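S.K.: One structure follows; several queries about it will come next.
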Amino acid sequence: MALVRTYGCQQNVADSEKLRGQLQEMGFAFTEQEEEADLILFNTCAVRENAEFRVYGNVGNLKALKRQKPSLIIGVCGCMMEQEHVAEKIRQSYPYVSLVFGTHVVHKLPELLYQTLTSGKRVFSRGDDSEDKTIVEGLPIHRDRDIRAWLTVMYGCDNFCTYCIVPYVRGREKSRKPGDILAEFKSLVEAGYKEITLLGQNVNSYGKGLEEQVDFSDLLNLLCTVPGDYHIRFMTSHPKDASFKLIDTIAAQPKICKHLHLPVQCGSDRLLVQMNRHYTVEHYLELIEYARKKVPGITFSSDIIVGFPGETEEDFQKTLELVQKVGYMQLFTFIYSKRTGTKAADMPDPTPRKEKTDRMTRLLKVQDDIAMALVKAQVGQTVRVLVEGYGRNEGTLSGRLDNNLTVEFEADSALMGSYAMVRLTGARATVLLGELVES
Ligand code: 5AD
Ligand code: SF4
């Protein structure tokens with residue numbers, strides 16, 4: 001039996017599905033219980049320090065299990081392992097980890113595992129990204145869920161935002177060919193998946209380097225030609241590459257959710273330069289305004305970093321101002337975490353931790369009030385939701401709106417996995433309550 005545990009973003013979730021797919025073809029079944037496993041694989045995240053600490057903690061906890069069961073194979077893979085100093089730390093401090101590999105060699109799992117089993121030695125494999133632009137297609141995928149699916153359209157990132165480790169651990173941008181994406185998309189629709197989320201670190205630069213002249217809007221239009229009952233989400237959009245054409249496409253295609261995750265990171269132009277983001281607050285707001293005009297009812301979400309090196313109270317106030325101006329439905333907020341090897345790691349960072357956490361608290365308060373008001377404003381509408389799970393109260397089901405909000409309503413569980421029309425009647429914090437109108 002194998003246990004694959006995923007840390008971090010959706011890209012890692014998608015990679016884990018490929019790891020499981022390969023393991024399944026090798027004959028493995030899956031478990032969530034460490035004690036039952038013959039192989040434990042941690043697919044790690046390097047974006048922030050606390051994710052790394054959790055991995056070290058969890059790997060450390062396996063020491064006793066390995067002693068009890070020497071045949072257990074412990075592997076660590078993913079973004080953290082693409083950093084030389086991390087792989088070295090595993091080599092030195094965790095001798096019972098016998099398999100270590102990075103994001104570039106996910107497709108080599110069977111070979112690496114075979115080496116681990118037969119060589120009697122520890123196996124370490126980090127990808128060198130060199131100029132290799134090939135993408136390994138056709139890997140088996142063991143999908144976690146049966147209603148929603150992830151579909152990677154591009155790998156890597158060329159942006160080098162100064163705080164971010166991703167370009168170092170995932171390498172340069174590589175887009176999959178539209179034909180390969182379309183084939184996978186069709187197979188998902190045929191298999192009955194209703195929500196397909198297109199993934200990439202920066203989907204808006206999709207197509208760069210491909211022989212075909214195709215951008216992300218073209219790809220969306222192509223996928224929307226596939227007949228069937230489904231909807232499309234995508235993430236992540238970089239504001240510097242989000243185009244008016246993209247917004248026009250969202251407006252024109254009923255199958256695309258009317259929601260845009262557009263990470264702004266902060267509201268100070270001075271810091272946006274320091275972060276190497278290549279847009280201004282003015283441009284960002286222009287995009288938001290255009291989207292509001294073209295796509296009535298569109299909602300937004302964003303990522304914000306608080307306490308970037310050198311962030312002053314004045315910079316932070318500008319972030320608060322922007323958050324208020326846009327009125328995000330959801331905000332993913334992070335305190336800046338220093339990542340070895342990035343440019344920002346060398347920038348002076350005099351702001352005390354206490355000040356940063358205090359700013360974060362203030363930001364969350366502002367956002368809570370905004371989200372509550374936006375959620376309440378939804379009440380009274382009738383919306384189409386995809387029924388995905390059970391609600392908190394007995395006899396209720398839950399589904400999600402375009403804007404990712406959850407609604408709970410009384411209905412028969414036979415509706416699971418299908419679309420339902422729900423009238424929104426109230427809210428419990430940020431969860432909407434509703435009643436079924438028709439199936
Ligand atoms: N510290 C804090 N947050 C970070 N992110 C990326 N790198 C860092 C870092 N070093 C955040 C950004 C990005 C999201 C996925 O993670 O907001 O959009
Ligand atoms: Fe990191 Fe910036 Fe690339 Fe996003 S766009 S993955 S924040 S470097």
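Chain lettering (A, B, ...) mirrors the order of the structure tokens, residue numbering begins at 1 for each chain separately, and ligand numbering begins at 1 in order of display.
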From the DSSP assignment of the backbone, select every residue of stretch 329-392 of chain A that is helix (DSSP H, G or I), and format the answer as an mmCIF file with C-alpha atoms, in the first residue's frame.

M.R.:
```
data_model
loop_
_atom_site.group_PDB
_atom_site.id
_atom_site.type_symbol
_atom_site.label_atom_id
_atom_site.label_comp_id
_atom_site.auth_asym_id
_atom_site.auth_seq_id
_atom_site.Cartn_x
_atom_site.Cartn_y
_atom_site.Cartn_z
ATOM 1 C CA LYS A 343 16.364 38.462 -4.561
ATOM 2 C CA ALA A 344 14.182 39.657 -1.696
ATOM 3 C CA ALA A 345 16.143 37.477 0.716
ATOM 4 C CA ASP A 346 18.972 40.018 0.415
ATOM 5 C CA ARG A 353 7.538 40.448 13.284
ATOM 6 C CA LYS A 354 5.044 41.870 15.759
ATOM 7 C CA GLU A 355 4.365 44.807 13.435
ATOM 8 C CA LYS A 356 3.813 42.416 10.529
ATOM 9 C CA THR A 357 1.354 40.240 12.423
ATOM 10 C CA ASP A 358 -0.421 43.382 13.579
ATOM 11 C CA ARG A 359 -0.782 44.513 9.945
ATOM 12 C CA MET A 360 -2.093 41.093 9.021
ATOM 13 C CA THR A 361 -4.737 41.277 11.760
ATOM 14 C CA ARG A 362 -5.854 44.673 10.495
ATOM 15 C CA LEU A 363 -6.015 43.428 6.909
ATOM 16 C CA LEU A 364 -8.073 40.388 7.885
ATOM 17 C CA LYS A 365 -10.523 42.587 9.781
ATOM 18 C CA VAL A 366 -11.013 44.867 6.781
ATOM 19 C CA GLN A 367 -11.464 41.848 4.492
ATOM 20 C CA ASP A 368 -13.914 40.125 6.872
ATOM 21 C CA ASP A 369 -16.222 43.133 6.769
ATOM 22 C CA ILE A 370 -15.986 43.323 2.966
ATOM 23 C CA ALA A 371 -16.659 39.597 2.503
ATOM 24 C CA MET A 372 -19.626 39.637 4.913
ATOM 25 C CA ALA A 373 -21.207 42.540 3.051
ATOM 26 C CA LEU A 374 -20.627 40.890 -0.331
ATOM 27 C CA VAL A 375 -22.043 37.590 0.861
ATOM 28 C CA LYS A 376 -25.164 39.300 2.227
ATOM 29 C CA ALA A 377 -25.577 41.130 -1.065
ATOM 30 C CA GLN A 378 -25.928 37.769 -2.819
#
```

S.K.: Dump the neighbourhood of ligand 2 as a list in words: all residues within 7 Å, distances computed on only C-alpha atoms and all ligand atoms.

M.R.: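 Residues satisfying the distance criterion: Cys157, Asp158, Asn159, Phe160, Cys161, Cys164, Ile165, Val166, Pro167, Gln201, Asn202 and His238 of chain A.
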
S.K.: Quick one: write out the picked residues with N, CA, C and O atoms as an mmCIF file, in the first residue's frame?

M.R.:
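Final output, saved to result.cif:
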```cif
data_model
loop_
_atom_site.group_PDB
_atom_site.id
_atom_site.type_symbol
_atom_site.label_atom_id
_atom_site.label_comp_id
_atom_site.auth_asym_id
_atom_site.auth_seq_id
_atom_site.Cartn_x
_atom_site.Cartn_y
_atom_site.Cartn_z
ATOM 1 N N CYS A 157 7.546 28.848 -14.298
ATOM 2 C CA CYS A 157 7.283 30.281 -14.251
ATOM 3 C C CYS A 157 8.543 31.044 -14.629
ATOM 4 O O CYS A 157 9.632 30.696 -14.189
ATOM 5 N N ASP A 158 8.359 32.083 -15.452
ATOM 6 C CA ASP A 158 9.505 32.905 -15.888
ATOM 7 C C ASP A 158 9.554 34.251 -15.187
ATOM 8 O O ASP A 158 10.335 35.113 -15.560
ATOM 9 N N ASN A 159 8.697 34.463 -14.227
ATOM 10 C CA ASN A 159 8.520 35.848 -13.749
ATOM 11 C C ASN A 159 9.511 36.321 -12.692
ATOM 12 O O ASN A 159 9.747 37.510 -12.567
ATOM 13 N N PHE A 160 10.018 35.423 -11.906
ATOM 14 C CA PHE A 160 10.986 35.811 -10.880
ATOM 15 C C PHE A 160 10.525 36.996 -10.042
ATOM 16 O O PHE A 160 11.248 37.986 -9.902
ATOM 17 N N CYS A 161 9.334 36.921 -9.517
ATOM 18 C CA CYS A 161 8.934 37.879 -8.482
ATOM 19 C C CYS A 161 9.978 37.711 -7.379
ATOM 20 O O CYS A 161 10.366 36.578 -7.078
ATOM 21 N N CYS A 164 9.752 35.078 -4.522
ATOM 22 C CA CYS A 164 9.166 33.761 -4.817
ATOM 23 C C CYS A 164 10.194 32.720 -5.257
ATOM 24 O O CYS A 164 11.037 32.956 -6.119
ATOM 25 N N ILE A 165 10.075 31.548 -4.715
ATOM 26 C CA ILE A 165 11.013 30.457 -4.992
ATOM 27 C C ILE A 165 10.580 29.632 -6.208
ATOM 28 O O ILE A 165 11.373 28.865 -6.765
ATOM 29 N N VAL A 166 9.313 29.801 -6.635
ATOM 30 C CA VAL A 166 8.752 28.904 -7.660
ATOM 31 C C VAL A 166 9.604 28.791 -8.938
ATOM 32 O O VAL A 166 9.877 27.686 -9.407
ATOM 33 N N PRO A 167 10.058 29.920 -9.522
ATOM 34 C CA PRO A 167 10.844 29.780 -10.759
ATOM 35 C C PRO A 167 12.115 28.940 -10.558
ATOM 36 O O PRO A 167 12.599 28.325 -11.495
ATOM 37 N N GLN A 201 1.194 28.324 -13.263
ATOM 38 C CA GLN A 201 1.626 29.398 -12.344
ATOM 39 C C GLN A 201 1.217 30.739 -12.897
ATOM 40 O O GLN A 201 1.022 31.693 -12.164
ATOM 41 N N ASN A 202 1.128 30.821 -14.218
ATOM 42 C CA ASN A 202 0.787 32.095 -14.859
ATOM 43 C C ASN A 202 0.058 31.775 -16.168
ATOM 44 O O ASN A 202 0.620 31.905 -17.242
ATOM 45 N N HIS A 238 -1.642 36.271 -13.811
ATOM 46 C CA HIS A 238 -0.747 37.360 -13.398
ATOM 47 C C HIS A 238 -1.290 38.662 -13.993
ATOM 48 O O HIS A 238 -1.529 38.722 -15.206
#
```

S.K.: Excluding A:Phe234 and residues on its chain fewer than 3 positions from it, collect all residues at most 9 Å away from it, counting only C-alpha atoms, and give them as a PyMOL selection string.

M.R.: chain A and resi 196-200+203+237+256-257+260-261

S.K.: How close does each residue of chain A get to ligand 1, giving the shortest atom pair and distance in Å to one decimal for every residue with an atom at most 6 Å away, counting only C-alpha atoms and all ligand atoms, sorted by chain and residue number, as JSON lines?

M.R.:
```
{"residue": "A:Val47", "atom": "CA", "partner": "ligand 1", "partner_atom_place_in_ligand_line": "7 (N)", "distance": 5.1}
{"residue": "A:Arg48", "atom": "CA", "partner": "ligand 1", "partner_atom_place_in_ligand_line": "9 (C)", "distance": 5.3}
{"residue": "A:Tyr163", "atom": "CA", "partner": "ligand 1", "partner_atom_place_in_ligand_line": "10 (N)", "distance": 4.6}
{"residue": "A:Cys164", "atom": "CA", "partner": "ligand 1", "partner_atom_place_in_ligand_line": "7 (N)", "distance": 4.1}
{"residue": "A:Pro263", "atom": "CA", "partner": "ligand 1", "partner_atom_place_in_ligand_line": "18 (O)", "distance": 5.7}
{"residue": "A:Gln265", "atom": "CA", "partner": "ligand 1", "partner_atom_place_in_ligand_line": "17 (O)", "distance": 5.5}
{"residue": "A:Asp303", "atom": "CA", "partner": "ligand 1", "partner_atom_place_in_ligand_line": "17 (O)", "distance": 4.5}
{"residue": "A:Ile304", "atom": "CA", "partner": "ligand 1", "partner_atom_place_in_ligand_line": "17 (O)", "distance": 5.1}
{"residue": "A:Ile305", "atom": "CA", "partner": "ligand 1", "partner_atom_place_in_ligand_line": "17 (O)", "distance": 5.3}
{"residue": "A:Phe334", "atom": "CA", "partner": "ligand 1", "partner_atom_place_in_ligand_line": "3 (N)", "distance": 4.9}
{"residue": "A:Ile335", "atom": "CA", "partner": "ligand 1", "partner_atom_place_in_ligand_line": "2 (C)", "distance": 5.3}
{"residue": "A:Tyr336", "atom": "CA", "partner": "ligand 1", "partner_atom_place_in_ligand_line": "1 (N)", "distance": 3.7}
{"residue": "A:Ser337", "atom": "CA", "partner": "ligand 1", "partner_atom_place_in_ligand_line": "1 (N)", "distance": 3.7}
{"residue": "A:Lys338", "atom": "CA", "partner": "ligand 1", "partner_atom_place_in_ligand_line": "10 (N)", "distance": 5.3}
{"residue": "A:Arg339", "atom": "CA", "partner": "ligand 1", "partner_atom_place_in_ligand_line": "10 (N)", "distance": 5.5}
```

S.K.: Using only C-alpha atoms for the distances, tell me which of A:Val86, A:Asn221, A:Met154, A:Arg170 is nearest to A:Lys208.

M.R.: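 Between A:Val86, A:Asn221, A:Met154, A:Arg170, the residue approaching A:Lys208 most closely is A:Met154.
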
S.K.: Would you mind listing what lies within 12 Å of A:Ala242 as a compact mmCIF listing (two decimals) with N, CA, C and O atoms, in the first residue's frame, with only C-alpha atoms counted and same-chain residues fewer than 4 positions away left out?

M.R.:
```
# COMPACT_ATOMS: atom_id res chain seq x y z
N ASN A 202 1.13 30.82 -14.22
CA ASN A 202 0.79 32.09 -14.86
C ASN A 202 0.06 31.78 -16.17
O ASN A 202 0.62 31.90 -17.24
N VAL A 203 -1.21 31.36 -16.05
CA VAL A 203 -1.92 30.87 -17.24
C VAL A 203 -1.99 31.92 -18.34
O VAL A 203 -2.11 31.59 -19.52
N ASN A 204 -1.91 33.20 -17.96
CA ASN A 204 -2.04 34.25 -18.97
C ASN A 204 -0.88 34.32 -19.94
O ASN A 204 -0.97 34.98 -20.97
N SER A 205 0.22 33.66 -19.62
CA SER A 205 1.29 33.66 -20.61
C SER A 205 1.32 32.31 -21.33
O SER A 205 2.32 31.95 -21.98
N TYR A 206 0.21 31.57 -21.24
CA TYR A 206 0.10 30.30 -21.96
C TYR A 206 0.40 30.52 -23.45
O TYR A 206 -0.04 31.51 -24.04
N ASP A 215 -2.93 31.90 -27.65
CA ASP A 215 -2.80 32.44 -26.29
C ASP A 215 -3.86 31.80 -25.39
O ASP A 215 -4.62 30.94 -25.82
N PHE A 216 -3.90 32.26 -24.15
CA PHE A 216 -4.78 31.58 -23.20
C PHE A 216 -6.26 31.75 -23.57
O PHE A 216 -7.06 30.82 -23.41
N SER A 217 -6.61 32.93 -24.10
CA SER A 217 -8.01 33.14 -24.51
C SER A 217 -8.36 32.17 -25.64
O SER A 217 -9.46 31.60 -25.66
N MET A 235 -6.53 29.07 -12.89
CA MET A 235 -5.66 29.81 -12.00
C MET A 235 -4.22 29.42 -12.29
O MET A 235 -3.97 28.29 -12.70
N THR A 236 -3.26 30.34 -12.14
CA THR A 236 -3.40 31.69 -11.60
C THR A 236 -3.14 32.70 -12.69
O THR A 236 -2.29 32.46 -13.55
N SER A 237 -3.79 33.83 -12.62
CA SER A 237 -3.61 34.89 -13.60
C SER A 237 -2.65 35.94 -13.04
O SER A 237 -2.84 36.42 -11.94
N HIS A 238 -1.64 36.27 -13.81
CA HIS A 238 -0.75 37.36 -13.40
C HIS A 238 -1.29 38.66 -13.99
O HIS A 238 -1.53 38.72 -15.21
N LEU A 246 -8.83 38.43 -22.60
CA LEU A 246 -9.22 37.37 -21.66
C LEU A 246 -10.57 37.71 -21.02
O LEU A 246 -11.46 36.86 -20.92
N ILE A 247 -10.71 38.97 -20.63
CA ILE A 247 -11.96 39.39 -19.99
C ILE A 247 -13.12 39.28 -20.98
O ILE A 247 -14.21 38.81 -20.63
N ASP A 248 -12.88 39.67 -22.22
CA ASP A 248 -13.92 39.53 -23.26
C ASP A 248 -14.32 38.06 -23.43
O ASP A 248 -15.48 37.74 -23.66
N THR A 249 -13.32 37.17 -23.30
CA THR A 249 -13.59 35.74 -23.45
C THR A 249 -14.47 35.24 -22.30
O THR A 249 -15.42 34.48 -22.51
N ILE A 250 -14.14 35.69 -21.09
CA ILE A 250 -14.97 35.28 -19.93
C ILE A 250 -16.40 35.77 -20.15
O ILE A 250 -17.37 35.05 -19.88
N LEU A 260 -12.56 35.89 -11.17
CA LEU A 260 -11.17 36.05 -11.58
C LEU A 260 -10.27 36.10 -10.34
O LEU A 260 -10.44 36.96 -9.47
N HIS A 261 -9.35 35.12 -10.26
CA HIS A 261 -8.35 35.17 -9.20
C HIS A 261 -7.16 35.95 -9.76
O HIS A 261 -6.48 35.47 -10.67
N LEU A 262 -6.96 37.15 -9.26
CA LEU A 262 -5.97 38.04 -9.84
C LEU A 262 -5.06 38.58 -8.71
O LEU A 262 -5.29 39.67 -8.18
N PRO A 263 -4.04 37.80 -8.37
CA PRO A 263 -3.20 38.17 -7.22
C PRO A 263 -2.51 39.51 -7.42
O PRO A 263 -1.80 39.70 -8.40
N VAL A 264 -2.75 40.42 -6.49
CA VAL A 264 -2.16 41.76 -6.62
C VAL A 264 -0.89 41.88 -5.77
O VAL A 264 -0.02 42.67 -6.04
N HIS A 278 5.84 44.22 -12.40
CA HIS A 278 5.58 44.75 -13.75
C HIS A 278 4.16 45.23 -14.02
O HIS A 278 3.65 45.06 -15.12
N TYR A 279 3.48 45.74 -13.01
CA TYR A 279 2.23 46.46 -13.25
C TYR A 279 2.09 47.51 -12.15
O TYR A 279 2.79 47.43 -11.13
N HIS A 283 -3.01 50.27 -13.36
CA HIS A 283 -3.30 49.28 -14.40
C HIS A 283 -4.18 48.17 -13.84
O HIS A 283 -5.13 47.72 -14.48
N TYR A 284 -3.83 47.74 -12.64
CA TYR A 284 -4.61 46.66 -12.01
C TYR A 284 -6.08 47.07 -11.88
O TYR A 284 -6.99 46.32 -12.22
N GLU A 286 -7.63 49.25 -13.61
CA GLU A 286 -8.23 49.34 -14.95
C GLU A 286 -8.79 47.97 -15.38
O GLU A 286 -9.88 47.89 -15.94
N LEU A 287 -8.00 46.92 -15.09
CA LEU A 287 -8.45 45.56 -15.42
C LEU A 287 -9.73 45.22 -14.67
O LEU A 287 -10.68 44.68 -15.23
N ILE A 288 -9.73 45.56 -13.38
CA ILE A 288 -10.90 45.26 -12.55
C ILE A 288 -12.13 46.00 -13.09
O ILE A 288 -13.22 45.43 -13.23
N TYR A 290 -12.65 47.17 -16.10
CA TYR A 290 -13.06 46.64 -17.41
C TYR A 290 -13.85 45.34 -17.21
O TYR A 290 -14.89 45.13 -17.83
N ALA A 291 -13.35 44.50 -16.30
CA ALA A 291 -14.03 43.22 -16.05
C ALA A 291 -15.43 43.46 -15.49
O ALA A 291 -16.39 42.80 -15.87
```

S.K.: Figure out the distance between atom CA of A:Cys9 and atom CA of A:Gln22, please, to one decimal in Å.

M.R.: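 Spanning atom CA of A:Gln22 to atom CA of A:Cys9 is a straight-line distance of 20.5 Å.
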
S.K.: Have a look at A:Ser268, A:Thr342, A:Asn403, A:Gln381 and name the one nearest to A:Phe300; count only C-alpha atoms.

M.R.: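 Of A:Ser268, A:Thr342, A:Asn403, A:Gln381, the one nearest A:Phe300 is A:Asn403, counting only C-alpha atoms.
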
S.K.: Using only C-alpha atoms, can you tell me which of A:Thr351, A:Ser175, A:Ser301, A:Ser398 comes closest to A:Phe332?

M.R.: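 So, comparing all the options, the nearest one is A:Ser301.
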
S.K.: Have a look at atom CA of A:Ala29 and atom CA of A:Leu3 and let me know their distance in Å, one decimal.

M.R.: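 Interatomic distance, atom CA of A:Ala29 to atom CA of A:Leu3: 8.8 Å.
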
S.K.: Closest to A:Val100 among A:Ile74, A:Val385, A:Leu117, A:Met329, using only C-alpha atoms?

M.R.: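 The answer is A:Ile74, which sits nearest to A:Val100.
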
S.K.: How many Å lie between atom CA of A:Arg143 and atom CA of A:Val13, rounded to one decimal?

M.R.: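 Going from atom CA of A:Arg143 over to atom CA of A:Val13, I get 9.5 Å.
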
S.K.: Which residues in stretch 241-417 of chain A does DSSP call strand (DSSP E or B)? List them as a PDB file with C-alpha atoms, in the first residue's frame.

M.R.:
```pdb
ATOM      1  CA  ILE A 256     -16.371  29.943 -17.888  1.00  0.00           C
ATOM      2  CA  HIS A 259     -14.737  34.878 -11.284  1.00  0.00           C
ATOM      3  CA  LEU A 260     -11.166  36.048 -11.576  1.00  0.00           C
ATOM      4  CA  HIS A 261      -8.349  35.174  -9.197  1.00  0.00           C
ATOM      5  CA  GLN A 265       0.313  41.033  -3.764  1.00  0.00           C
ATOM      6  CA  THR A 299     -16.216  38.622  -8.489  1.00  0.00           C
ATOM      7  CA  PHE A 300     -12.531  38.733  -7.661  1.00  0.00           C
ATOM      8  CA  SER A 301     -10.100  37.072  -5.335  1.00  0.00           C
ATOM      9  CA  SER A 302      -6.459  37.824  -4.695  1.00  0.00           C
ATOM     10  CA  ASP A 303      -3.253  36.936  -2.876  1.00  0.00           C
ATOM     11  CA  ILE A 304      -1.644  39.536  -0.623  1.00  0.00           C
ATOM     12  CA  ILE A 305       1.779  39.474   0.974  1.00  0.00           C
ATOM     13  CA  VAL A 306       2.060  41.457   4.189  1.00  0.00           C
ATOM     14  CA  GLN A 330     -11.884  36.116  -1.070  1.00  0.00           C
ATOM     15  CA  LEU A 331      -8.382  37.036  -0.064  1.00  0.00           C
ATOM     16  CA  PHE A 332      -5.465  34.662   0.503  1.00  0.00           C
ATOM     17  CA  THR A 333      -3.111  36.474   2.835  1.00  0.00           C
ATOM     18  CA  PHE A 334       0.473  35.604   3.676  1.00  0.00           C
ATOM     19  CA  ILE A 335       3.115  37.112   5.890  1.00  0.00           C
ATOM     20  CA  THR A 382     -31.245  32.524  -7.828  1.00  0.00           C
ATOM     21  CA  VAL A 383     -28.040  30.794  -8.908  1.00  0.00           C
ATOM     22  CA  ARG A 384     -26.963  27.604 -10.612  1.00  0.00           C
ATOM     23  CA  VAL A 385     -24.675  25.524  -8.424  1.00  0.00           C
ATOM     24  CA  LEU A 386     -22.837  22.279  -8.850  1.00  0.00           C
ATOM     25  CA  VAL A 387     -23.845  19.992  -5.985  1.00  0.00           C
ATOM     26  CA  GLU A 388     -20.629  18.665  -4.538  1.00  0.00           C
ATOM     27  CA  GLY A 389     -21.092  17.474  -0.983  1.00  0.00           C
ATOM     28  CA  TYR A 390     -23.152  17.351   2.182  1.00  0.00           C
ATOM     29  CA  THR A 396     -28.677  19.404   3.357  1.00  0.00           C
ATOM     30  CA  LEU A 397     -26.336  19.353   0.399  1.00  0.00           C
ATOM     31  CA  SER A 398     -23.718  21.894  -0.530  1.00  0.00           C
ATOM     32  CA  GLY A 399     -22.598  23.408  -3.788  1.00  0.00           C
ATOM     33  CA  ARG A 400     -20.441  26.263  -4.973  1.00  0.00           C
ATOM     34  CA  THR A 406     -20.553  27.700  -0.727  1.00  0.00           C
ATOM     35  CA  VAL A 407     -24.324  27.381  -0.436  1.00  0.00           C
ATOM     36  CA  GLU A 408     -26.177  24.810   1.634  1.00  0.00           C
ATOM     37  CA  PHE A 409     -29.757  23.767   0.961  1.00  0.00           C
ATOM     38  CA  GLU A 410     -32.159  20.928   1.681  1.00  0.00           C
TER      39      GLU A 410
END
```

S.K.: Using only C-alpha atoms, which residues sit within 9 Å of stretch 178-190 of chain A once same-chain residues fewer than 3 positions away are excluded, as a list in words?

M.R.: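 Everything that qualifies: Glu137, Gly138, Ala149, Leu151, Thr152, Val153, Ser175, Tyr193, Lys194, Glu195, Ile196, Gly207, Glu212, Val214, Leu219, Leu222, Leu223, Val226, Pro227, Gly228, Asp229 and Tyr230 of chain A.
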
S.K.: Calculated over only C-alpha atoms, which of the candidates A:Ala64, A:Val431, A:Val59, A:Val437 has the smallest distance to A:Ala411?

M.R.: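 For A:Ala411, the nearest of the given residues is A:Val437.
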
S.K.: Which of these, A:Gly267, A:Met347, A:Pro140, A:Arg292, has the shortest distance to A:Gln324 once you count only C-alpha atoms?

M.R.: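 When distances to A:Gln324 are compared using only C-alpha atoms, the smallest one comes from A:Gly267.
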